[in-house]
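Visitor: Structure file query08.pdb (PDB, C-alpha atoms) right here:
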```
ATOM      1  CA  MET A  21     -24.023 -52.702   8.958  1.00  0.00           C
ATOM      2  CA  SER A  22     -21.317 -53.005  11.599  1.00  0.00           C
ATOM      3  CA  GLN A  23     -19.386 -49.937  12.839  1.00  0.00           C
ATOM      4  CA  SER A  24     -16.116 -51.080  11.252  1.00  0.00           C
ATOM      5  CA  ALA A  25     -17.823 -51.620   7.914  1.00  0.00           C
ATOM      6  CA  PHE A  26     -19.402 -48.155   8.129  1.00  0.00           C
ATOM      7  CA  ARG A  27     -16.013 -46.529   8.811  1.00  0.00           C
ATOM      8  CA  SER A  28     -14.469 -48.374   5.883  1.00  0.00           C
ATOM      9  CA  ALA A  29     -17.228 -47.198   3.578  1.00  0.00           C
ATOM     10  CA  VAL A  30     -16.793 -43.564   4.698  1.00  0.00           C
ATOM     11  CA  CYS A  31     -13.019 -43.708   4.192  1.00  0.00           C
ATOM     12  CA  CYS A  32     -13.445 -45.134   0.697  1.00  0.00           C
ATOM     13  CA  LEU A  33     -15.950 -42.424  -0.179  1.00  0.00           C
ATOM     14  CA  LEU A  34     -13.646 -39.643   1.068  1.00  0.00           C
ATOM     15  CA  SER A  35     -10.669 -41.122  -0.778  1.00  0.00           C
ATOM     16  CA  ILE A  36     -12.672 -40.845  -3.998  1.00  0.00           C
ATOM     17  CA  LEU A  37     -14.309 -37.465  -3.474  1.00  0.00           C
ATOM     18  CA  PHE A  38     -11.334 -35.520  -2.071  1.00  0.00           C
ATOM     19  CA  PRO A  39      -8.868 -36.230  -4.936  1.00  0.00           C
ATOM     20  CA  ALA A  40     -11.638 -35.490  -7.433  1.00  0.00           C
ATOM     21  CA  GLN A  41     -12.297 -32.125  -5.787  1.00  0.00           C
ATOM     22  CA  VAL A  42      -8.588 -31.297  -5.865  1.00  0.00           C
ATOM     23  CA  MET A  43      -8.332 -32.237  -9.530  1.00  0.00           C
ATOM     24  CA  LEU A  44     -11.341 -30.079 -10.388  1.00  0.00           C
ATOM     25  CA  ALA A  45      -9.829 -27.154  -8.500  1.00  0.00           C
ATOM     26  CA  GLY A  46      -6.530 -27.669 -10.300  1.00  0.00           C
ATOM     27  CA  GLU A  47      -4.502 -27.096  -7.117  1.00  0.00           C
ATOM     28  CA  THR A  48      -3.301 -28.855  -3.976  1.00  0.00           C
ATOM     29  CA  ALA A  49      -3.160 -27.680  -0.389  1.00  0.00           C
ATOM     30  CA  SER A  50       0.414 -26.666   0.435  1.00  0.00           C
ATOM     31  CA  ALA A  51      -0.045 -25.321   3.969  1.00  0.00           C
ATOM     32  CA  MET A  52      -2.353 -25.278   6.944  1.00  0.00           C
ATOM     33  CA  LEU A  53      -3.799 -22.185   8.560  1.00  0.00           C
ATOM     34  CA  TYR A  54      -4.415 -21.881  12.300  1.00  0.00           C
ATOM     35  CA  THR A  55      -6.087 -18.773  13.697  1.00  0.00           C
ATOM     36  CA  ASN A  56      -6.088 -17.142  17.114  1.00  0.00           C
ATOM     37  CA  GLY A  57      -9.230 -15.023  17.025  1.00  0.00           C
ATOM     38  CA  SER A  58     -11.343 -14.028  14.040  1.00  0.00           C
ATOM     39  CA  ALA A  59      -9.709 -13.914  10.605  1.00  0.00           C
ATOM     40  CA  TRP A  60     -10.812 -13.988   6.975  1.00  0.00           C
ATOM     41  CA  LEU A  61      -9.658 -16.232   4.160  1.00  0.00           C
ATOM     42  CA  ASN A  62     -10.541 -14.861   0.718  1.00  0.00           C
ATOM     43  CA  GLY A  63     -13.146 -12.602   2.292  1.00  0.00           C
ATOM     44  CA  SER A  64     -14.894 -15.296   4.359  1.00  0.00           C
ATOM     45  CA  GLU A  65     -14.465 -15.863   8.070  1.00  0.00           C
ATOM     46  CA  VAL A  66     -12.255 -18.865   8.614  1.00  0.00           C
ATOM     47  CA  PRO A  67     -12.662 -21.426  11.415  1.00  0.00           C
ATOM     48  CA  LYS A  68      -9.854 -22.332  13.781  1.00  0.00           C
ATOM     49  CA  SER A  69      -8.002 -24.188  11.025  1.00  0.00           C
ATOM     50  CA  SER A  70      -8.150 -24.520   7.266  1.00  0.00           C
ATOM     51  CA  ALA A  71      -6.134 -25.677   4.289  1.00  0.00           C
ATOM     52  CA  VAL A  72      -4.373 -22.871   2.412  1.00  0.00           C
ATOM     53  CA  PHE A  73      -3.792 -22.799  -1.338  1.00  0.00           C
ATOM     54  CA  SER A  74      -1.468 -20.685  -3.438  1.00  0.00           C
ATOM     55  CA  GLY A  75      -3.161 -17.370  -4.168  1.00  0.00           C
ATOM     56  CA  ASP A  76      -5.301 -17.348  -1.011  1.00  0.00           C
ATOM     57  CA  MET A  77      -5.639 -14.009   0.771  1.00  0.00           C
ATOM     58  CA  LEU A  78      -5.586 -13.936   4.570  1.00  0.00           C
ATOM     59  CA  GLN A  79      -6.644 -10.986   6.711  1.00  0.00           C
ATOM     60  CA  THR A  80      -6.385 -10.691  10.485  1.00  0.00           C
ATOM     61  CA  ARG A  81      -8.277  -8.323  12.752  1.00  0.00           C
ATOM     62  CA  PRO A  82      -6.607  -5.818  15.110  1.00  0.00           C
ATOM     63  CA  ASP A  83      -7.231  -8.337  17.925  1.00  0.00           C
ATOM     64  CA  SER A  84      -6.299 -11.587  16.130  1.00  0.00           C
ATOM     65  CA  THR A  85      -3.306 -13.433  14.688  1.00  0.00           C
ATOM     66  CA  ALA A  86      -2.831 -16.437  12.422  1.00  0.00           C
ATOM     67  CA  SER A  87      -0.185 -19.006  11.615  1.00  0.00           C
ATOM     68  CA  ILE A  88       0.487 -20.523   8.187  1.00  0.00           C
ATOM     69  CA  GLN A  89       2.438 -23.749   8.573  1.00  0.00           C
ATOM     70  CA  SER A  90       4.029 -25.635   5.712  1.00  0.00           C
ATOM     71  CA  ASN A  91       6.869 -28.101   5.376  1.00  0.00           C
ATOM     72  CA  GLY A  92       9.913 -26.447   6.956  1.00  0.00           C
ATOM     73  CA  SER A  93       8.322 -22.992   7.316  1.00  0.00           C
ATOM     74  CA  ASN A  94       6.007 -21.094   9.615  1.00  0.00           C
ATOM     75  CA  VAL A  95       4.507 -17.686   8.874  1.00  0.00           C
ATOM     76  CA  MET A  96       3.069 -15.830  11.842  1.00  0.00           C
ATOM     77  CA  VAL A  97       0.627 -13.235  10.529  1.00  0.00           C
ATOM     78  CA  LEU A  98       0.399 -10.520  13.150  1.00  0.00           C
ATOM     79  CA  ALA A  99      -2.647  -8.439  14.050  1.00  0.00           C
ATOM     80  CA  ASP A 100      -4.281  -6.139  11.491  1.00  0.00           C
ATOM     81  CA  SER A 101      -2.453  -7.621   8.507  1.00  0.00           C
ATOM     82  CA  LEU A 102      -3.311  -8.594   4.938  1.00  0.00           C
ATOM     83  CA  VAL A 103      -1.193 -11.364   3.412  1.00  0.00           C
ATOM     84  CA  LYS A 104      -1.320 -13.340   0.165  1.00  0.00           C
ATOM     85  CA  PHE A 105       0.062 -16.876   0.338  1.00  0.00           C
ATOM     86  CA  GLU A 106       2.011 -17.881  -2.767  1.00  0.00           C
ATOM     87  CA  GLY A 107       3.682 -21.155  -1.779  1.00  0.00           C
ATOM     88  CA  PRO A 108       7.423 -20.346  -1.865  1.00  0.00           C
ATOM     89  CA  ALA A 109       6.692 -16.767  -0.762  1.00  0.00           C
ATOM     90  CA  VAL A 110       4.151 -14.592   0.984  1.00  0.00           C
ATOM     91  CA  GLU A 111       3.129 -11.173  -0.266  1.00  0.00           C
ATOM     92  CA  LEU A 112       2.540  -8.633   2.474  1.00  0.00           C
ATOM     93  CA  GLU A 113      -0.067  -6.059   1.507  1.00  0.00           C
ATOM     94  CA  HIS A 114      -0.275  -4.434   4.923  1.00  0.00           C
ATOM     95  CA  GLY A 115       0.734  -5.186   8.487  1.00  0.00           C
ATOM     96  CA  ALA A 116       3.478  -7.549   9.631  1.00  0.00           C
ATOM     97  CA  VAL A 117       4.648 -11.158   9.330  1.00  0.00           C
ATOM     98  CA  ARG A 118       7.255 -13.083  11.276  1.00  0.00           C
ATOM     99  CA  ILE A 119       8.754 -15.936   9.250  1.00  0.00           C
ATOM    100  CA  THR A 120      10.706 -18.930  10.503  1.00  0.00           C
ATOM    101  CA  THR A 121      11.986 -21.126   7.692  1.00  0.00           C
ATOM    102  CA  SER A 122      14.626 -23.632   6.706  1.00  0.00           C
ATOM    103  CA  ARG A 123      13.469 -23.775   3.079  1.00  0.00           C
ATOM    104  CA  GLY A 124      14.146 -20.211   1.951  1.00  0.00           C
ATOM    105  CA  LEU A 125      10.586 -18.910   2.219  1.00  0.00           C
ATOM    106  CA  ALA A 126      10.570 -15.275   1.061  1.00  0.00           C
ATOM    107  CA  ALA A 127       8.411 -12.262   1.863  1.00  0.00           C
ATOM    108  CA  ARG A 128       7.492  -9.517  -0.598  1.00  0.00           C
ATOM    109  CA  ALA A 129       6.185  -6.028   0.167  1.00  0.00           C
ATOM    110  CA  GLY A 130       5.697  -3.999  -3.001  1.00  0.00           C
ATOM    111  CA  ASP A 131       9.002  -4.135  -4.901  1.00  0.00           C
ATOM    112  CA  VAL A 132      10.936  -5.202  -1.764  1.00  0.00           C
ATOM    113  CA  THR A 133      11.825  -8.910  -1.451  1.00  0.00           C
ATOM    114  CA  VAL A 134      13.262 -10.375   1.749  1.00  0.00           C
ATOM    115  CA  LYS A 135      14.588 -13.926   1.992  1.00  0.00           C
ATOM    116  CA  PRO A 136      17.161 -15.958   3.963  1.00  0.00           C
ATOM    117  CA  ALA A 137      20.767 -15.499   2.900  1.00  0.00           C
ATOM    118  CA  ALA A 138      21.512 -19.221   3.491  1.00  0.00           C
ATOM    119  CA  ASN A 139      19.610 -22.503   3.444  1.00  0.00           C
ATOM    120  CA  SER A 140      19.457 -22.768   7.227  1.00  0.00           C
ATOM    121  CA  TRP A 141      16.972 -21.961   9.937  1.00  0.00           C
ATOM    122  CA  THR A 142      16.259 -18.254   9.652  1.00  0.00           C
ATOM    123  CA  GLU A 143      13.803 -16.020  11.461  1.00  0.00           C
ATOM    124  CA  PHE A 144      12.955 -12.533  10.274  1.00  0.00           C
ATOM    125  CA  GLN A 145      10.135 -10.038  10.530  1.00  0.00           C
ATOM    126  CA  VAL A 146       8.772  -7.767   7.825  1.00  0.00           C
ATOM    127  CA  THR A 147       6.445  -4.854   8.581  1.00  0.00           C
ATOM    128  CA  ASP A 148       4.770  -2.749   5.896  1.00  0.00           C
ATOM    129  CA  VAL A 149       2.803   0.301   7.039  1.00  0.00           C
ATOM    130  CA  ASP A 150       2.027   3.297   4.812  1.00  0.00           C
ATOM    131  CA  GLY A 151       4.635   2.334   2.211  1.00  0.00           C
ATOM    132  CA  ARG A 152       7.501   1.978   4.688  1.00  0.00           C
ATOM    133  CA  VAL A 153       8.967  -1.520   4.997  1.00  0.00           C
ATOM    134  CA  GLN A 154      10.895  -2.474   8.121  1.00  0.00           C
ATOM    135  CA  ILE A 155      13.030  -5.640   8.029  1.00  0.00           C
ATOM    136  CA  ALA A 156      14.492  -7.230  11.157  1.00  0.00           C
ATOM    137  CA  ALA A 157      16.837 -10.253  11.019  1.00  0.00           C
ATOM    138  CA  ASN A 158      16.142 -12.087  14.279  1.00  0.00           C
ATOM    139  CA  LYS A 159      18.027 -15.322  13.553  1.00  0.00           C
ATOM    140  CA  GLY A 160      20.448 -15.680  10.654  1.00  0.00           C
ATOM    141  CA  ASP A 161      21.133 -13.200   7.851  1.00  0.00           C
ATOM    142  CA  VAL A 162      18.623 -12.097   5.218  1.00  0.00           C
ATOM    143  CA  THR A 163      18.975 -10.455   1.824  1.00  0.00           C
ATOM    144  CA  VAL A 164      16.876  -7.457   0.804  1.00  0.00           C
ATOM    145  CA  GLN A 165      16.265  -6.774  -2.865  1.00  0.00           C
ATOM    146  CA  ASP A 166      14.663  -3.606  -4.198  1.00  0.00           C
ATOM    147  CA  ASP A 167      15.142  -1.157  -7.078  1.00  0.00           C
ATOM    148  CA  LYS A 168      18.560  -0.183  -5.670  1.00  0.00           C
ATOM    149  CA  GLY A 169      19.945  -3.731  -5.739  1.00  0.00           C
ATOM    150  CA  ILE A 170      20.588  -6.455  -3.165  1.00  0.00           C
ATOM    151  CA  THR A 171      21.904  -5.863   0.347  1.00  0.00           C
ATOM    152  CA  THR A 172      22.399  -8.150   3.342  1.00  0.00           C
ATOM    153  CA  VAL A 173      21.000  -7.555   6.795  1.00  0.00           C
ATOM    154  CA  THR A 174      22.978  -9.473   9.367  1.00  0.00           C
ATOM    155  CA  GLN A 175      21.516 -11.213  12.403  1.00  0.00           C
ATOM    156  CA  GLY A 176      20.346  -8.771  15.050  1.00  0.00           C
ATOM    157  CA  GLN A 177      20.203  -5.843  12.621  1.00  0.00           C
ATOM    158  CA  GLN A 178      17.292  -4.112  10.903  1.00  0.00           C
ATOM    159  CA  THR A 179      16.705  -1.749   8.017  1.00  0.00           C
ATOM    160  CA  THR A 180      13.946   0.261   6.346  1.00  0.00           C
ATOM    161  CA  ARG A 181      12.905   0.439   2.701  1.00  0.00           C
ATOM    162  CA  ASP A 182      10.267   2.114   0.532  1.00  0.00           C
ATOM    163  CA  ASP A 183       7.896  -0.411  -1.048  1.00  0.00           C
ATOM    164  CA  THR A 184       6.717   1.821  -3.901  1.00  0.00           C
ATOM    165  CA  THR A 185       7.837   1.142  -7.450  1.00  0.00           C
ATOM    166  CA  ASP A 186       9.850   3.571  -9.591  1.00  0.00           C
ATOM    167  CA  THR A 187       6.701   4.681 -11.436  1.00  0.00           C
ATOM    168  CA  GLU A 188       4.856   5.381  -8.197  1.00  0.00           C
ATOM    169  CA  LYS A 189       7.856   7.277  -6.811  1.00  0.00           C
ATOM    170  CA  LYS A 190       7.983   9.471  -9.935  1.00  0.00           C
ATOM    171  CA  LYS A 191       4.249  10.175  -9.690  1.00  0.00           C
ATOM    172  CA  LYS A 192       4.597  11.192  -6.045  1.00  0.00           C
ATOM    173  CA  LYS A 193       7.600  13.388  -6.874  1.00  0.00           C
ATOM    174  CA  ARG A 194       5.682  15.115  -9.690  1.00  0.00           C
ATOM    175  CA  ARG A 195       2.718  15.687  -7.414  1.00  0.00           C
ATOM    176  CA  ARG A 196       4.934  17.189  -4.725  1.00  0.00           C
ATOM    177  CA  SER A 197       6.852  19.445  -7.145  1.00  0.00           C
ATOM    178  CA  GLY A 198       3.763  20.490  -9.126  1.00  0.00           C
ATOM    179  CA  ALA A 199       1.560  21.363  -6.200  1.00  0.00           C
ATOM    180  CA  ALA A 200       1.173  25.119  -5.739  1.00  0.00           C
ATOM    181  CA  PRO A 201       1.098  26.523  -2.211  1.00  0.00           C
ATOM    182  CA  ALA A 202      -2.314  27.490  -0.898  1.00  0.00           C
ATOM    183  CA  ALA A 203      -3.199  31.151  -1.378  1.00  0.00           C
ATOM    184  CA  GLY A 204      -5.415  33.420   0.681  1.00  0.00           C
ATOM    185  CA  GLY A 205      -7.364  34.520  -2.421  1.00  0.00           C
ATOM    186  CA  GLY A 206      -7.177  35.110  -6.160  1.00  0.00           C
ATOM    187  CA  ILE A 207      -4.478  37.268  -7.644  1.00  0.00           C
ATOM    188  CA  MET A 208      -6.962  40.064  -8.391  1.00  0.00           C
ATOM    189  CA  SER A 209      -8.054  40.189  -4.736  1.00  0.00           C
ATOM    190  CA  SER A 210      -4.592  40.869  -3.263  1.00  0.00           C
ATOM    191  CA  GLN A 211      -4.140  44.270  -1.629  1.00  0.00           C
ATOM    192  CA  PRO A 212      -1.132  45.492  -3.701  1.00  0.00           C
ATOM    193  CA  VAL A 213      -2.980  44.792  -6.934  1.00  0.00           C
ATOM    194  CA  VAL A 214      -6.173  46.498  -5.726  1.00  0.00           C
ATOM    195  CA  TYR A 215      -4.353  49.613  -4.515  1.00  0.00           C
ATOM    196  CA  GLY A 216      -2.276  49.796  -7.680  1.00  0.00           C
ATOM    197  CA  GLY A 217      -5.404  49.571  -9.834  1.00  0.00           C
ATOM    198  CA  LEU A 218      -7.142  52.344  -7.906  1.00  0.00           C
ATOM    199  CA  ALA A 219      -4.092  54.614  -8.260  1.00  0.00           C
ATOM    200  CA  ALA A 220      -3.909  54.007 -12.011  1.00  0.00           C
ATOM    201  CA  VAL A 221      -7.627  54.764 -12.501  1.00  0.00           C
ATOM    202  CA  GLY A 222      -7.385  57.934 -10.392  1.00  0.00           C
ATOM    203  CA  GLY A 223      -4.327  59.200 -12.285  1.00  0.00           C
ATOM    204  CA  ALA A 224      -6.000  58.641 -15.637  1.00  0.00           C
ATOM    205  CA  ALA A 225      -9.111  60.515 -14.519  1.00  0.00           C
ATOM    206  CA  ILE A 226      -7.065  63.546 -13.374  1.00  0.00           C
ATOM    207  CA  TRP A 227      -5.112  63.626 -16.614  1.00  0.00           C
ATOM    208  CA  ILE A 228      -8.300  63.553 -18.696  1.00  0.00           C
ATOM    209  CA  TRP A 229      -9.918  66.316 -16.605  1.00  0.00           C
ATOM    210  CA  THR A 230      -6.929  68.645 -16.898  1.00  0.00           C
ATOM    211  CA  ARG A 231      -6.652  68.094 -20.671  1.00  0.00           C
ATOM    212  CA  SER A 232     -10.349  68.649 -21.511  1.00  0.00           C
ATOM    213  CA  GLU A 233     -11.616  71.994 -22.994  1.00  0.00           C
ATOM    214  CA  PRO A 234     -14.086  74.288 -21.195  1.00  0.00           C
ATOM    215  CA  PRO A 235     -17.694  73.229 -21.565  1.00  0.00           C
ATOM    216  CA  VAL A 236     -19.832  74.895 -24.226  1.00  0.00           C
ATOM    217  CA  SER A 237     -22.345  77.406 -22.736  1.00  0.00           C
ATOM    218  CA  PRO A 238     -26.047  77.292 -23.658  1.00  0.00           C
ATOM    219  CA  SER A 239     -25.816  80.748 -25.272  1.00  0.00           C
ATOM    220  CA  CYS A 240     -23.044  79.614 -27.559  1.00  0.00           C
ATOM    221  CA  PRO A 241     -23.525  76.049 -28.667  1.00  0.00           C
ATOM    222  CA  SER A 242     -20.387  76.223 -30.737  1.00  0.00           C
ATOM    223  CA  LYS A 243     -16.858  76.604 -29.456  1.00  0.00           C
ATOM    224  CA  TYR A 244     -16.239  79.191 -32.185  1.00  0.00           C
ATOM    225  CA  CYS A 245     -18.690  81.722 -30.704  1.00  0.00           C
ATOM    226  CA  GLN A 246     -17.276  85.197 -30.009  1.00  0.00           C
TER
END
```
Go ahead and express the file in the form of structure tokens.
Guide:
Amino acid sequence: MSQSAFRSAVCCLLSILFPAQVMLAGETASAMLYTNGSAWLNGSEVPKSSAVFSGDMLQTRPDSTASIQSNGSNVMVLADSLVKFEGPAVELEHGAVRITTSRGLAARAGDVTVKPAANSWTEFQVTDVDGRVQIAANKGDVTVQDDKGITTVTQGQQTTRDDTTDTEKKKKKRRRSGAAPAAGGGIMSSQPVVYGGLAAVGGAAIWIWTRSEPPVSPSCPSKYCQ
């Protein structure tokens, strides 16, 4: 078989197998992933590049970064980050992403949603560490939506939000208000209580001793002896 015929046969085979695989998976690749250093895709180490599907989870190491590129958008996943790709949005579990988009790609961190304020080229960065979300509008304005409503962060400005939900906030508040301060010991071991108890026992003993009758002598077993 000639080389051209072999190439044609391989192309035909791939054109049959690849669509069949996509149909069986029930999804299509909507972005490409490029890594700079080691990274994991759905728990497995990813090579230098890979197709990304909606619902895929990407994790970078402290010494690596990754780039998710789709039509009209680029998501730079910074070091030590955990991100879920969802097609029209990315969900930031931890770390930081820098998004450049002309198609309104949004970023979510907990109950905080950040997206471009206009359908134009916009660049913004979202950082989520320990429940604190920092939003920086590098190019263009962005809107920030959380449980307090929607606000706009203008170009060159930044803001901070809490990514916990109302239920989580209430739980934290209850834990803070219900926690008792640490004590040096039990209530019965405190010095004022101990000294007060000793004084009460001593007073009762003196009162009983002064109120008791003289002891009965051996020669007169009865108190009515003369």
Visitor: What gap, in Å, lies between CA of Gly176 in chain A and CA of Ala156 in chain A?
Guide: 7.2 Å
Visitor: Just so the selection is clear, what residues does the PyMOL selection byres ((chain A and resi 109-126) around 9) cover here, as a short mmCIF file (atom, residue, chain, number, x, y, z; two decimals) with C-alpha atoms, keeping the file's coordinate frame?
Guide:
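Contents of the output file result.cif:
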```cif
data_model
loop_
_atom_site.label_atom_id
_atom_site.label_comp_id
_atom_site.auth_asym_id
_atom_site.auth_seq_id
_atom_site.Cartn_x
_atom_site.Cartn_y
_atom_site.Cartn_z
CA ASN A 91 6.87 -28.10 5.38
CA GLY A 92 9.91 -26.45 6.96
CA SER A 93 8.32 -22.99 7.32
CA ASN A 94 6.01 -21.09 9.62
CA VAL A 95 4.51 -17.69 8.87
CA MET A 96 3.07 -15.83 11.84
CA VAL A 97 0.63 -13.24 10.53
CA LEU A 98 0.40 -10.52 13.15
CA ALA A 99 -2.65 -8.44 14.05
CA ASP A 100 -4.28 -6.14 11.49
CA SER A 101 -2.45 -7.62 8.51
CA LEU A 102 -3.31 -8.59 4.94
CA VAL A 103 -1.19 -11.36 3.41
CA LYS A 104 -1.32 -13.34 0.16
CA PHE A 105 0.06 -16.88 0.34
CA GLU A 106 2.01 -17.88 -2.77
CA GLY A 107 3.68 -21.16 -1.78
CA PRO A 108 7.42 -20.35 -1.86
CA ALA A 127 8.41 -12.26 1.86
CA ARG A 128 7.49 -9.52 -0.60
CA ALA A 129 6.18 -6.03 0.17
CA GLY A 130 5.70 -4.00 -3.00
CA THR A 133 11.82 -8.91 -1.45
CA VAL A 134 13.26 -10.38 1.75
CA LYS A 135 14.59 -13.93 1.99
CA PRO A 136 17.16 -15.96 3.96
CA ALA A 137 20.77 -15.50 2.90
CA ALA A 138 21.51 -19.22 3.49
CA ASN A 139 19.61 -22.50 3.44
CA SER A 140 19.46 -22.77 7.23
CA TRP A 141 16.97 -21.96 9.94
CA THR A 142 16.26 -18.25 9.65
CA GLU A 143 13.80 -16.02 11.46
CA PHE A 144 12.96 -12.53 10.27
CA GLN A 145 10.14 -10.04 10.53
CA VAL A 146 8.77 -7.77 7.82
CA THR A 147 6.44 -4.85 8.58
CA ASP A 148 4.77 -2.75 5.90
CA VAL A 149 2.80 0.30 7.04
CA ASP A 150 2.03 3.30 4.81
CA GLY A 151 4.64 2.33 2.21
CA LYS A 159 18.03 -15.32 13.55
#
```
Visitor: Interatomic distance between CA of Asp183 in chain A and CA of Thr171 in chain A?
Guide: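 About the pair CA of Asp183 in chain A and CA of Thr171 in chain A: they are 15.1 Å apart.
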Visitor: List the spatial neighbours of Asn56 in chain A as an MDAnalysis selection string - criterion: any atom at most 6 Å away, only C-alpha atoms, same-chain residues fewer than 3 positions off excluded.
Guide: chainID A and resid 84:86
Visitor: What is the distance, in Å and to one decimal place, between CA of Val153 in chain A and CA of Ile88 in chain A?
Guide: 21.1 Å
Visitor: Which of these residues is nearest to Ser70 in chain A, using only C-alpha atoms: A:Gln177, A:Gln89, A:Val162, A:Asp83?
Guide: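 Using only C-alpha atoms, Ser70 in chain A sits closest to A:Gln89.
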Visitor: With distances taken over only C-alpha atoms, which of A:Ser74, A:Thr172, A:Thr179, A:Gln79 is nearest to Leu61 in chain A?
Guide: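 Among A:Ser74, A:Thr172, A:Thr179, A:Gln79, it is A:Gln79 that comes nearest to Leu61 in chain A.
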Visitor: Once the PyMOL selection byres ((chain A and resi 72) around 6) has been applied to the shown file, what residues remain in the selection, as a ChimeraX atom specification?
Guide: /A:49,51-52,71,73
Visitor: Which residues, named as in the file, does the PyMOL selection byres ((chain A and resi 166-169) around 7) pick out? Answer as a list of chain:residue names.
Guide: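 Selected by the PyMOL selection byres ((chain A and resi 166-169) around 7) here: A:Asp131, A:Val132, A:Thr133, A:Val164, A:Gln165, A:Ile170, A:Thr171.
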Visitor: Taking into account only C-alpha atoms, which residue in the set A:Ser87, A:Thr80, A:Thr180, A:Thr163 is nearest to Leu53 in chain A?
Guide: A:Ser87
